[in-house]
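Below is the file query.txt, which contains compact mmCIF, C-alpha atoms.
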```txt
# COMPACT_ATOMS: atom_id res chain seq x y z
CA MET A 16 97.04 64.85 135.39
CA HIS A 17 97.89 62.55 138.26
CA TYR A 18 95.64 62.05 141.22
CA ASN A 19 98.10 63.53 143.69
CA ARG A 20 98.46 66.71 141.59
CA TYR A 21 94.71 66.95 141.48
CA LEU A 22 94.57 66.61 145.27
CA ALA A 23 97.31 69.19 145.76
CA VAL A 24 95.51 71.73 143.58
CA ALA A 25 92.22 71.11 145.34
CA ALA A 26 93.87 71.42 148.77
CA ARG A 27 95.50 74.69 147.75
CA ALA A 28 92.17 76.08 146.61
CA VAL A 29 90.53 75.13 149.92
CA ARG A 30 93.39 76.67 151.93
CA ARG A 31 93.19 79.92 150.02
CA SER A 32 89.49 80.27 150.59
CA LEU A 33 89.80 80.11 154.38
CA LYS A 34 89.50 83.17 156.59
CA ASP A 35 92.70 85.09 157.24
CA ASP A 36 93.60 83.80 160.71
CA LYS A 37 93.07 80.14 159.82
CA ARG A 38 94.56 80.56 156.36
CA VAL A 39 98.03 81.48 157.63
CA ALA A 40 98.25 78.33 159.73
CA ALA A 41 96.81 76.17 156.96
CA GLU A 42 99.09 77.50 154.25
CA ARG A 43 102.10 76.63 156.36
CA ARG A 44 100.98 73.01 156.19
CA GLY A 45 100.88 73.24 152.42
CA GLU A 46 104.41 74.54 151.98
CA MET A 47 106.72 72.42 149.93
CA ASP A 48 110.32 73.30 149.23
CA LEU A 49 111.83 70.25 147.61
CA ARG A 50 114.52 69.95 144.99
CA PHE A 51 114.91 66.83 142.92
CA ALA A 52 117.35 65.41 140.41
CA LYS A 53 117.03 62.59 137.91
CA TRP A 54 119.83 60.04 137.73
CA GLU A 55 121.10 58.18 134.72
CA ASN A 56 123.79 55.49 134.80
CA GLY A 57 125.08 56.55 138.19
CA LYS A 58 125.33 60.23 137.24
CA MET A 59 123.24 62.85 138.93
CA GLY A 60 121.29 65.16 136.67
CA GLU A 61 120.72 68.83 137.24
CA PRO A 62 118.90 69.58 140.50
CA LYS A 63 115.59 71.29 139.90
CA ASN A 64 113.02 72.95 142.10
CA LEU A 65 110.04 70.63 142.33
CA ALA A 66 107.39 73.31 142.74
CA GLU A 67 108.55 75.21 139.64
CA VAL A 68 108.67 72.07 137.51
CA ASN A 69 105.19 71.10 138.64
CA ALA A 70 103.87 74.56 137.82
CA SER A 71 105.37 74.53 134.32
CA THR A 72 104.12 71.01 133.49
CA ALA A 73 100.68 71.97 134.76
CA SER A 74 100.54 75.05 132.51
CA GLU A 75 101.83 73.00 129.55
CA SER A 76 99.15 70.36 129.96
CA ALA A 77 96.56 73.11 130.36
CA ASN A 78 97.68 74.70 127.07
CA SER A 79 97.72 71.43 125.17
CA ALA A 80 94.30 70.36 126.45
CA MET B 243 177.67 113.23 161.43
CA LEU B 244 178.60 109.63 161.77
CA SER B 245 176.67 109.27 164.98
CA ARG B 246 173.50 110.61 163.35
CA VAL B 247 173.78 108.20 160.42
CA ALA B 248 174.53 105.29 162.68
CA ARG B 249 171.62 106.02 165.00
CA PRO B 250 168.83 104.20 163.14
CA ALA B 251 171.02 101.15 162.71
CA LEU B 252 171.86 101.27 166.39
CA ARG B 253 168.24 101.50 167.29
CA ALA B 254 167.39 98.57 165.06
CA GLY B 255 170.18 96.57 166.62
CA ALA B 256 168.95 97.41 170.11
CA ALA B 257 165.38 96.41 169.17
CA ALA B 258 166.59 93.11 167.71
CA ALA B 259 168.51 92.39 170.87
CA ALA B 260 165.51 93.28 173.05
CA ILE B 261 163.08 90.83 171.44
CA PRO B 262 164.73 87.53 172.42
CA ALA B 263 165.55 88.97 175.83
CA ARG B 264 161.88 89.66 176.54
CA THR B 265 160.72 86.03 176.34
CA PRO B 266 160.87 84.37 179.74
CA PRO B 267 163.58 81.78 180.34
CA ASN B 268 161.12 79.01 181.27
CA ALA B 269 159.04 79.55 178.14
CA ALA B 270 158.05 75.89 177.85
CA THR B 271 155.94 75.78 181.02
CA TYR B 272 154.23 79.09 180.30
CA ALA B 273 153.38 77.98 176.78
CA THR B 274 151.75 74.74 177.93
CA LEU B 275 149.78 76.66 180.54
CA ARG B 276 148.50 78.99 177.85
CA GLU B 277 147.83 76.05 175.53
CA ILE B 278 145.74 74.31 178.18
CA GLU B 279 143.84 77.52 178.79
CA GLY B 280 143.09 77.90 175.09
CA ARG B 281 141.96 74.32 174.77
CA LEU B 282 139.73 74.69 177.83
CA LYS B 283 138.12 77.74 176.31
CA SER B 284 137.40 76.02 173.00
CA ILE B 285 135.95 72.95 174.74
CA ARG B 286 133.72 75.23 176.81
CA ASN B 287 132.47 76.90 173.64
CA ILE B 288 131.77 73.56 171.97
CA GLU B 289 129.89 72.42 175.04
CA LYS B 290 127.76 75.55 174.86
CA ILE B 291 126.94 74.85 171.22
CA THR B 292 126.07 71.18 171.71
CA ASN B 293 124.01 72.04 174.76
CA THR B 294 122.02 74.61 172.79
CA MET B 295 121.49 72.16 169.94
CA LYS B 296 120.24 69.63 172.46
CA ILE B 297 117.72 72.10 173.86
CA VAL B 298 116.55 73.02 170.36
CA ALA B 299 116.17 69.34 169.48
CA SER B 300 114.22 68.69 172.71
CA THR B 301 111.70 71.39 171.89
CA LYS B 302 111.39 70.18 168.31
CA LEU B 303 110.98 66.60 169.49
CA THR B 304 107.54 67.11 171.00
CA ARG B 305 106.30 68.66 167.75
CA ALA B 306 107.88 65.92 165.68
CA GLN B 307 106.34 63.21 167.83
CA ARG B 308 102.92 64.78 167.58
CA ALA B 309 103.25 64.97 163.81
CA MET B 310 104.35 61.35 163.80
CA ASN B 311 101.34 60.18 165.78
CA GLU B 312 99.01 62.15 163.53
CA SER B 313 100.62 60.84 160.36
CA ARG B 314 100.42 57.28 161.64
CA LYS B 315 96.66 57.51 161.19
CA TYR B 316 97.14 58.33 157.49
CA GLY B 317 99.41 55.34 157.02
CA GLU B 318 97.36 52.90 159.03
CA THR B 319 94.07 53.87 157.46
CA SER B 320 95.39 53.48 153.96
CA GLN B 321 96.98 50.14 154.85
CA GLU B 322 93.69 48.90 156.25
CA VAL B 323 92.23 48.50 152.78
CA PHE B 324 95.08 46.26 151.73
CA GLU B 325 94.97 44.30 154.95
CA SER B 326 91.31 43.45 154.66
CA ALA B 327 91.80 42.64 150.97
CA GLU B 328 94.73 40.44 152.02
CA THR B 329 96.93 41.94 149.35
CA LYS B 330 100.27 40.29 148.83
CA PRO B 331 103.17 41.58 146.75
CA LEU B 332 103.24 39.99 143.32
CA GLU B 333 105.97 37.55 142.46
CA ALA B 334 108.46 39.56 140.46
CA GLU B 335 108.57 38.44 136.85
CA GLY B 336 111.47 40.35 135.42
CA LYS B 337 110.09 43.57 136.84
CA LYS B 338 112.15 45.65 139.19
CA THR B 339 111.41 46.61 142.76
CA LEU B 340 111.58 50.29 143.66
CA TYR B 341 113.00 51.28 147.02
CA ILE B 342 112.28 54.71 148.46
CA VAL B 343 114.79 55.62 151.18
CA CYS B 344 113.55 58.30 153.59
CA SER B 345 116.42 60.11 155.27
CA SER B 346 117.09 63.85 155.46
CA ASP B 347 119.59 66.60 154.65
CA LYS B 348 121.00 67.20 158.08
CA GLY B 349 123.67 65.37 160.00
CA LEU B 350 124.90 65.56 163.61
CA CYS B 351 122.37 63.03 164.76
CA GLY B 352 124.26 59.81 165.43
CA GLY B 353 124.05 56.89 163.04
CA ILE B 354 120.49 57.06 161.82
CA HIS B 355 121.29 57.88 158.18
CA SER B 356 124.12 55.40 157.96
CA GLY B 357 121.82 52.86 159.62
CA LEU B 358 119.40 53.25 156.72
CA SER B 359 122.19 53.05 154.16
CA ARG B 360 123.61 49.92 155.78
CA PHE B 361 120.17 48.35 155.83
CA MET B 362 119.76 49.10 152.12
CA ARG B 363 123.19 47.72 151.24
CA ARG B 364 122.60 44.56 153.25
CA HIS B 365 119.20 44.13 151.70
CA LEU B 366 120.39 44.63 148.15
CA GLY B 367 123.53 42.66 148.86
CA PRO B 368 125.87 41.27 146.23
CA GLY B 369 124.09 39.75 143.25
CA HIS B 370 120.74 41.17 144.24
CA GLN B 371 117.66 41.29 142.07
CA PRO B 372 117.51 44.33 139.82
CA ALA B 373 116.15 47.21 141.84
CA ASP B 374 115.92 50.96 141.55
CA LEU B 375 116.41 53.53 144.28
CA VAL B 376 114.69 56.80 145.04
CA LEU B 377 116.60 58.73 147.68
CA ILE B 378 115.04 61.40 149.86
CA GLY B 379 117.60 63.60 151.61
CA GLU B 380 121.20 64.58 150.92
CA LYS B 381 122.66 62.21 153.50
CA SER B 382 121.46 58.97 151.99
CA ARG B 383 122.29 60.32 148.54
CA ALA B 384 125.90 60.95 149.56
CA GLN B 385 126.20 57.53 151.18
CA LEU B 386 124.39 55.33 148.69
CA SER B 387 125.66 57.03 145.53
CA ARG B 388 129.10 55.62 146.35
CA THR B 389 128.04 51.97 146.32
CA ASN B 390 124.76 51.84 144.44
CA GLY B 391 125.07 54.85 142.15
CA LYS B 392 123.92 52.86 139.11
CA ASP B 393 120.58 51.97 140.70
CA ILE B 394 119.50 55.49 141.60
CA VAL B 395 116.73 56.96 139.46
CA LEU B 396 115.62 59.97 141.49
CA SER B 397 116.91 61.94 144.44
CA PHE B 398 115.19 64.61 146.48
CA ALA B 399 116.73 67.31 148.64
CA GLY B 400 115.34 69.95 150.95
CA VAL B 401 113.80 67.53 153.46
CA GLY B 402 114.31 67.76 157.20
CA LYS B 403 114.31 71.52 157.73
CA ASP B 404 110.94 71.26 159.38
CA VAL B 405 108.28 68.68 160.11
CA PRO B 406 107.43 67.07 156.77
CA THR B 407 104.09 68.14 155.30
CA PHE B 408 101.63 66.08 153.33
CA ALA B 409 102.38 68.36 150.38
CA ASP B 410 105.98 67.07 150.47
CA ALA B 411 104.81 63.47 150.42
CA GLN B 412 102.35 64.17 147.61
CA ALA B 413 104.97 65.86 145.45
CA ILE B 414 107.40 62.99 145.94
CA ALA B 415 104.72 60.39 145.21
CA ASP B 416 103.76 62.34 142.10
CA GLN B 417 107.33 62.24 140.77
CA VAL B 418 107.70 58.56 141.64
CA VAL B 419 104.52 57.69 139.74
CA GLN B 420 105.84 59.56 136.69
CA LEU B 421 108.92 57.32 136.45
CA PRO B 422 109.08 55.59 133.07
CA THR B 423 109.82 52.07 134.35
CA GLU B 424 107.04 49.82 135.64
CA TYR B 425 107.76 48.30 139.01
CA SER B 426 106.42 45.10 140.51
CA ASP B 427 106.16 46.77 143.89
CA ILE B 428 107.38 49.81 145.79
CA LYS B 429 109.05 49.47 149.16
CA ILE B 430 109.53 52.44 151.48
CA VAL B 431 112.56 52.24 153.76
CA TYR B 432 112.45 54.41 156.87
CA ASN B 433 113.48 54.53 160.52
CA LYS B 434 110.79 53.13 162.78
CA PHE B 435 110.39 54.97 166.08
CA ILE B 436 110.44 52.40 168.91
CA ASN B 437 111.14 54.73 171.82
CA ALA B 438 113.15 57.87 172.50
CA THR B 439 116.47 56.04 172.29
CA ALA B 440 115.76 53.15 169.92
CA TYR B 441 114.90 53.15 166.24
CA GLU B 442 115.13 50.56 163.54
CA ALA B 443 115.34 50.60 159.76
CA THR B 444 112.08 49.14 158.47
CA MET B 445 110.36 48.54 155.16
CA ALA B 446 106.77 49.39 154.29
CA GLU B 447 104.97 48.11 151.21
CA ALA B 448 103.14 50.22 148.69
CA PHE B 449 101.31 47.86 146.39
CA SER B 450 100.90 48.12 142.65
CA GLU B 451 97.54 48.03 140.88
CA GLU B 452 97.86 44.42 139.75
CA ALA B 453 98.84 43.29 143.25
CA PHE B 454 95.69 44.84 144.63
CA ALA B 455 93.53 43.54 141.80
CA ASN B 456 94.86 40.03 142.38
CA SER B 457 94.33 40.04 146.14
CA PRO B 458 91.96 37.33 147.48
CA ASN B 459 89.30 39.62 148.97
CA PHE B 460 89.38 42.16 146.17
CA SER B 461 85.79 41.47 145.08
CA ALA B 462 84.45 42.64 148.47
CA PHE B 463 85.29 46.25 147.64
CA GLU B 464 83.52 46.66 144.29
CA VAL B 465 85.96 49.21 142.92
CA ASP B 466 86.09 50.32 139.34
CA GLU B 467 89.22 49.19 137.55
CA GLU B 468 90.09 52.67 136.41
CA LEU B 469 90.12 54.04 139.94
CA LEU B 470 92.86 51.66 141.02
CA GLY B 471 95.59 53.94 139.73
CA ASN B 472 94.28 56.79 141.86
CA LEU B 473 94.09 54.57 144.91
CA ARG B 474 97.64 53.43 144.35
CA GLU B 475 98.96 57.00 144.04
CA TYR B 476 97.06 58.18 147.07
CA SER B 477 98.12 55.27 149.25
CA LEU B 478 101.71 55.81 148.15
CA ALA B 479 101.49 59.44 149.28
CA ASN B 480 99.94 58.36 152.60
CA SER B 481 102.60 55.78 153.29
CA LEU B 482 105.32 58.21 152.30
CA TYR B 483 103.96 60.86 154.62
CA TRP B 484 103.91 58.37 157.46
CA ALA B 485 107.45 57.22 156.74
CA LEU B 486 108.75 60.78 156.44
CA ALA B 487 107.16 61.93 159.69
CA GLU B 488 108.34 58.88 161.61
CA GLY B 489 111.84 59.24 160.17
CA HIS B 490 111.83 62.91 161.13
CA ALA B 491 110.87 62.12 164.73
CA CYS B 492 113.63 59.50 164.89
CA GLU B 493 116.17 61.96 163.55
CA ILE B 494 115.28 64.65 166.06
CA SER B 495 115.35 62.27 169.01
CA ALA B 496 118.65 60.81 167.78
CA ARG B 497 120.05 64.32 167.51
CA ARG B 498 118.93 65.09 171.03
CA ASN B 499 120.72 62.00 172.33
CA ALA B 500 123.84 62.67 170.28
CA MET B 501 124.05 66.25 171.56
CA ASP B 502 123.41 65.07 175.12
CA ASN B 503 126.33 62.67 174.86
CA ALA B 504 128.54 65.31 173.27
CA SER B 505 127.78 67.77 176.08
CA LYS B 506 128.55 65.08 178.67
CA ASN B 507 131.87 64.25 177.02
CA ALA B 508 132.75 67.92 176.83
CA GLY B 509 131.97 68.26 180.55
CA GLU B 510 134.31 65.38 181.35
CA MET B 511 137.04 66.90 179.23
CA ILE B 512 136.58 70.27 180.91
CA ASN B 513 137.04 68.67 184.34
CA LYS B 514 140.15 66.84 183.21
CA TYR B 515 141.71 69.92 181.68
CA GLN B 516 140.77 72.09 184.64
CA ILE B 517 142.65 69.76 186.99
CA LEU B 518 145.62 69.62 184.63
CA PHE B 519 145.58 73.41 184.33
CA ASN B 520 145.55 73.93 188.09
CA ARG B 521 148.35 71.43 188.61
CA THR B 522 150.53 73.01 185.96
CA ARG B 523 149.90 76.46 187.37
CA GLN B 524 150.90 75.32 190.85
CA ALA B 525 153.99 73.65 189.46
CA VAL B 526 154.98 76.89 187.73
CA ILE B 527 154.45 78.91 190.93
CA THR B 528 156.44 76.42 192.99
CA GLY B 529 159.23 76.52 190.42
CA GLU B 530 159.34 80.31 190.55
CA LEU B 531 159.40 80.33 194.38
CA VAL B 532 162.27 77.85 194.40
CA GLU B 533 164.18 80.07 192.00
CA ILE B 534 163.60 83.19 194.11
CA ILE B 535 164.54 81.50 197.35
CA THR B 536 167.68 79.91 195.94
CA GLY B 537 168.61 83.28 194.42
CA ALA B 538 168.04 85.04 197.76
CA THR B 539 170.01 82.53 199.78
CA ALA B 540 172.81 82.56 197.24
CA SER B 541 173.09 86.37 197.38
CA GLU B 542 172.92 86.31 201.20
CA ASP B 543 175.94 84.01 201.34
CA MET B 544 178.00 86.33 199.20
```
How would this structure read if it were set down as structure tokens?
Amino acid sequence: MHYNRYLAVAARAVRRSLKDDKRVAAERRGEMDLRFAKWENGKMGEPKNLAEVNASTASESANSA
Amino acid sequence: MLSRVARPALRAGAAAAAIPARTPPNAATYATLREIEGRLKSIRNIEKITNTMKIVASTKLTRAQRAMNESRKYGETSQEVFESAETKPLEAEGKKTLYIVCSSDKGLCGGIHSGLSRFMRRHLGPGHQPADLVLIGEKSRAQLSRTNGKDIVLSFAGVGKDVPTFADAQAIADQVVQLPTEYSDIKIVYNKFINATAYEATMAEAFSEEAFANSPNFSAFEVDEELLGNLREYSLANSLYWALAEGHACEISARRNAMDNASKNAGEMINKYQILFNRTRQAVITGELVEIITGATASEDM
């Protein structure tokens, strides 16, 4: 678990526990819609959704721990 | 009998004869008049579009600048530690440098993406030290993959739709930290916002753990060795957020200027074509009058 993941999870928990009116504004700040692709030898790999990949690695590490 | 059979053919023949007869004899002048009109219309539409984009960019600009000023605090505060520790980048000993280029997905904003790409190419130059690239945004990916495709290790897309959030920066920093290679230092390349019309490709440092541990004033902080990794990741996210927000503000202001210029040029073209249109129309009218008068005088003489 990297520090930034830890921070992101903590921030999400705080945002979700806010009251409704503040929560809507705060959750907009936490939105992330990035796609990324790994490159090898000048070839682009398959583009993947970053949020989904993060979620799956997080659940994997939770299962293995 | 014969007449009835021949009738459709006759009709068809009459229709065929009527079509060329219907076009006016001075077709050339009418056609250019219509062409000018069509071109005028399309230029007017383009002007409308660029003008609207300019207004949209202007309203976004204030938000982007506010986000930039807020994010500057993140960047400056996290740099303060390194400044007071007098951290210097380590001398590279066979290790690569990682460059993170912060551009975005969207175009139509002048030369700010190509400015970054040019800066990167000049910096890497021919026979450069081994370096890896992380590209944020489709534009820099398209431009740099042509010349430095071999050096790219990661590319991100989906930036630039809105003001970048800290969650974006964190996610990017997280992926960068997970890269298998160890880098001597990480440099973030972004557009620095000087004023509404000027921006400049700049580099910001994100130091590695060893660089910080070897800095002269390191002992003043009394940090545990194992926390250094966390500090490095967090400061990378901070610097990235700063760079992204500043780059975003530059892009929006550049787009505003580009659209302003485009609208101005369209206005000039509209004036030019309007004058040309009026002149041609008058010429056509004069030509027709001359024809009528000559025809009238000729028939009077007879």
Any chance you could tabulate, as a tab-separated table, the residues of chain A at most 8 Å from chain B with each one's nearest atom pair and distance in Å to one decimal, using all atoms listed in the file, in chain and rising number order?
```
residue	atom	partner	partner_atom	distance
A:His17	CA	B:Asp416	CA	7.0
A:Tyr18	CA	B:Asn472	CA	5.5
A:Asn19	CA	B:Gln412	CA	5.8
A:Arg20	CA	B:Asp416	CA	6.9
A:Ala23	CA	B:Ala409	CA	6.9
A:Arg44	CA	B:Thr407	CA	5.8
A:Gly45	CA	B:Ala409	CA	5.5
A:Glu46	CA	B:Ala409	CA	6.7
A:Met47	CA	B:Asp410	CA	5.4
A:Asp48	CA	B:Gly400	CA	6.3
A:Leu49	CA	B:Gly400	CA	4.9
A:Arg50	CA	B:Ala399	CA	5.0
A:Phe51	CA	B:Phe398	CA	4.2
A:Ala52	CA	B:Ser397	CA	5.3
A:Lys53	CA	B:Leu396	CA	4.7
A:Trp54	CA	B:Val395	CA	4.7
A:Glu55	CA	B:Val395	CA	6.6
A:Asn56	CA	B:Lys392	CA	5.1
A:Gly57	CA	B:Lys392	CA	4.0
A:Lys58	CA	B:Gly391	CA	7.3
A:Leu65	CA	B:Ala413	CA	7.6
```
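One finds CA of Ala327 in chain B at 4.4 Å from CA of Asn459 in chain B.
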Which centre and which edge lengths, in Å to one decimal, describe the axis-aligned box that holds all listed atoms of range 50-64 of chain A after 6 Å is added on each side, as AutoDock Vina command-line options?
```
--center_x 119.2 --center_y 64.2 --center_z 139.9 --size_x 24.3 --size_y 29.5 --size_z 22.3
```
Close residues, range 284-291 of chain B itself excluded, 9 Å, only C-alpha atoms, min 4 positions apart in chain, as a ChimeraX atom specification: /B:279-280,295-296,504-509,511-512
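The space between CA of Ala306 in chain B and CA of Ala496 in chain B spans 12.1 Å.
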Met16 in chain A environment, 10 Å, all atoms listed in the file, sequence neighbours closer than 6 positions dropped, as a list of chain:residue names: A:Thr72, A:Ala73, A:Ser76, A:Ala77, B:Asp416
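We find CA of Ile534 in chain B and CA of Phe519 in chain B to be spaced 22.7 Å apart.
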Starting from the structure just given, write a file holding chain A with C-alpha atoms, as a PDB file, in the first residue's frame.
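Contents of part.pdb, as written:
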```pdb
ATOM      1  CA  MET A  16       0.000   0.000   0.000  1.00  0.00           C
ATOM      2  CA  HIS A  17       1.499   3.284  -1.074  1.00  0.00           C
ATOM      3  CA  TYR A  18       1.163   6.447   0.922  1.00  0.00           C
ATOM      4  CA  ASN A  19      -0.843   8.246  -1.738  1.00  0.00           C
ATOM      5  CA  ARG A  20      -3.355   5.371  -1.935  1.00  0.00           C
ATOM      6  CA  TYR A  21      -3.658   5.499   1.812  1.00  0.00           C
ATOM      7  CA  LEU A  22      -4.309   9.246   1.639  1.00  0.00           C
ATOM      8  CA  ALA A  23      -6.859   8.834  -1.153  1.00  0.00           C
ATOM      9  CA  VAL A  24      -8.793   6.214   0.810  1.00  0.00           C
ATOM     10  CA  ALA A  25      -8.738   8.336   3.949  1.00  0.00           C
ATOM     11  CA  ALA A  26      -9.874  11.423   2.020  1.00  0.00           C
ATOM     12  CA  ARG A  27     -12.736   9.468   0.468  1.00  0.00           C
ATOM     13  CA  ALA A  28     -13.871   8.271   3.872  1.00  0.00           C
ATOM     14  CA  VAL A  29     -13.849  11.831   5.236  1.00  0.00           C
ATOM     15  CA  ARG A  30     -15.773  13.145   2.211  1.00  0.00           C
ATOM     16  CA  ARG A  31     -18.428  10.477   2.550  1.00  0.00           C
ATOM     17  CA  SER A  32     -19.009  11.232   6.191  1.00  0.00           C
ATOM     18  CA  LEU A  33     -19.826  14.889   5.566  1.00  0.00           C
ATOM     19  CA  LYS A  34     -23.361  16.248   5.672  1.00  0.00           C
ATOM     20  CA  ASP A  35     -25.293  16.123   2.421  1.00  0.00           C
ATOM     21  CA  ASP A  36     -24.920  19.732   1.242  1.00  0.00           C
ATOM     22  CA  LYS A  37     -21.167  19.867   1.856  1.00  0.00           C
ATOM     23  CA  ARG A  38     -20.641  16.305   0.656  1.00  0.00           C
ATOM     24  CA  VAL A  39     -21.776  17.019  -2.912  1.00  0.00           C
ATOM     25  CA  ALA A  40     -19.264  19.840  -3.282  1.00  0.00           C
ATOM     26  CA  ALA A  41     -16.503  17.848  -1.614  1.00  0.00           C
ATOM     27  CA  GLU A  42     -17.030  14.714  -3.669  1.00  0.00           C
ATOM     28  CA  ARG A  43     -16.652  16.728  -6.834  1.00  0.00           C
ATOM     29  CA  ARG A  44     -13.139  17.593  -5.693  1.00  0.00           C
ATOM     30  CA  GLY A  45     -12.391  13.916  -5.281  1.00  0.00           C
ATOM     31  CA  GLU A  46     -13.442  12.877  -8.769  1.00  0.00           C
ATOM     32  CA  MET A  47     -10.813  11.264 -10.889  1.00  0.00           C
ATOM     33  CA  ASP A  48     -11.389  10.079 -14.422  1.00  0.00           C
ATOM     34  CA  LEU A  49      -7.981   9.195 -15.782  1.00  0.00           C
ATOM     35  CA  ARG A  50      -6.946   6.539 -18.243  1.00  0.00           C
ATOM     36  CA  PHE A  51      -3.393   5.325 -18.437  1.00  0.00           C
ATOM     37  CA  ALA A  52      -1.303   3.082 -20.654  1.00  0.00           C
ATOM     38  CA  LYS A  53       2.056   1.429 -20.115  1.00  0.00           C
ATOM     39  CA  TRP A  54       4.632   1.703 -22.884  1.00  0.00           C
ATOM     40  CA  GLU A  55       7.236  -0.815 -23.892  1.00  0.00           C
ATOM     41  CA  ASN A  56       9.890  -0.254 -26.559  1.00  0.00           C
ATOM     42  CA  GLY A  57       8.028   2.633 -28.133  1.00  0.00           C
ATOM     43  CA  LYS A  58       4.724   0.740 -28.323  1.00  0.00           C
ATOM     44  CA  MET A  59       1.701   1.862 -26.397  1.00  0.00           C
ATOM     45  CA  GLY A  60       0.001  -0.760 -24.275  1.00  0.00           C
ATOM     46  CA  GLU A  61      -3.703  -1.115 -23.770  1.00  0.00           C
ATOM     47  CA  PRO A  62      -5.313   1.968 -22.231  1.00  0.00           C
ATOM     48  CA  LYS A  63      -6.901   1.202 -18.892  1.00  0.00           C
ATOM     49  CA  ASN A  64      -9.135   3.093 -16.519  1.00  0.00           C
ATOM     50  CA  LEU A  65      -7.034   4.152 -13.561  1.00  0.00           C
ATOM     51  CA  ALA A  66      -9.800   4.067 -10.961  1.00  0.00           C
ATOM     52  CA  GLU A  67     -10.800   0.491 -11.871  1.00  0.00           C
ATOM     53  CA  VAL A  68      -7.217  -0.754 -11.805  1.00  0.00           C
ATOM     54  CA  ASN A  69      -6.661   0.863  -8.423  1.00  0.00           C
ATOM     55  CA  ALA A  70      -9.824  -0.718  -7.052  1.00  0.00           C
ATOM     56  CA  SER A  71      -8.858  -4.196  -8.264  1.00  0.00           C
ATOM     57  CA  THR A  72      -5.272  -3.990  -6.932  1.00  0.00           C
ATOM     58  CA  ALA A  73      -6.625  -2.743  -3.609  1.00  0.00           C
ATOM     59  CA  SER A  74      -9.017  -5.694  -3.294  1.00  0.00           C
ATOM     60  CA  GLU A  75      -6.237  -8.119  -4.323  1.00  0.00           C
ATOM     61  CA  SER A  76      -3.868  -6.828  -1.681  1.00  0.00           C
ATOM     62  CA  ALA A  77      -6.695  -6.954   0.853  1.00  0.00           C
ATOM     63  CA  ASN A  78      -7.349 -10.619   0.003  1.00  0.00           C
ATOM     64  CA  SER A  79      -3.703 -11.605   0.141  1.00  0.00           C
ATOM     65  CA  ALA A  80      -3.089  -9.826   3.445  1.00  0.00           C
TER      66      ALA A  80
END
```
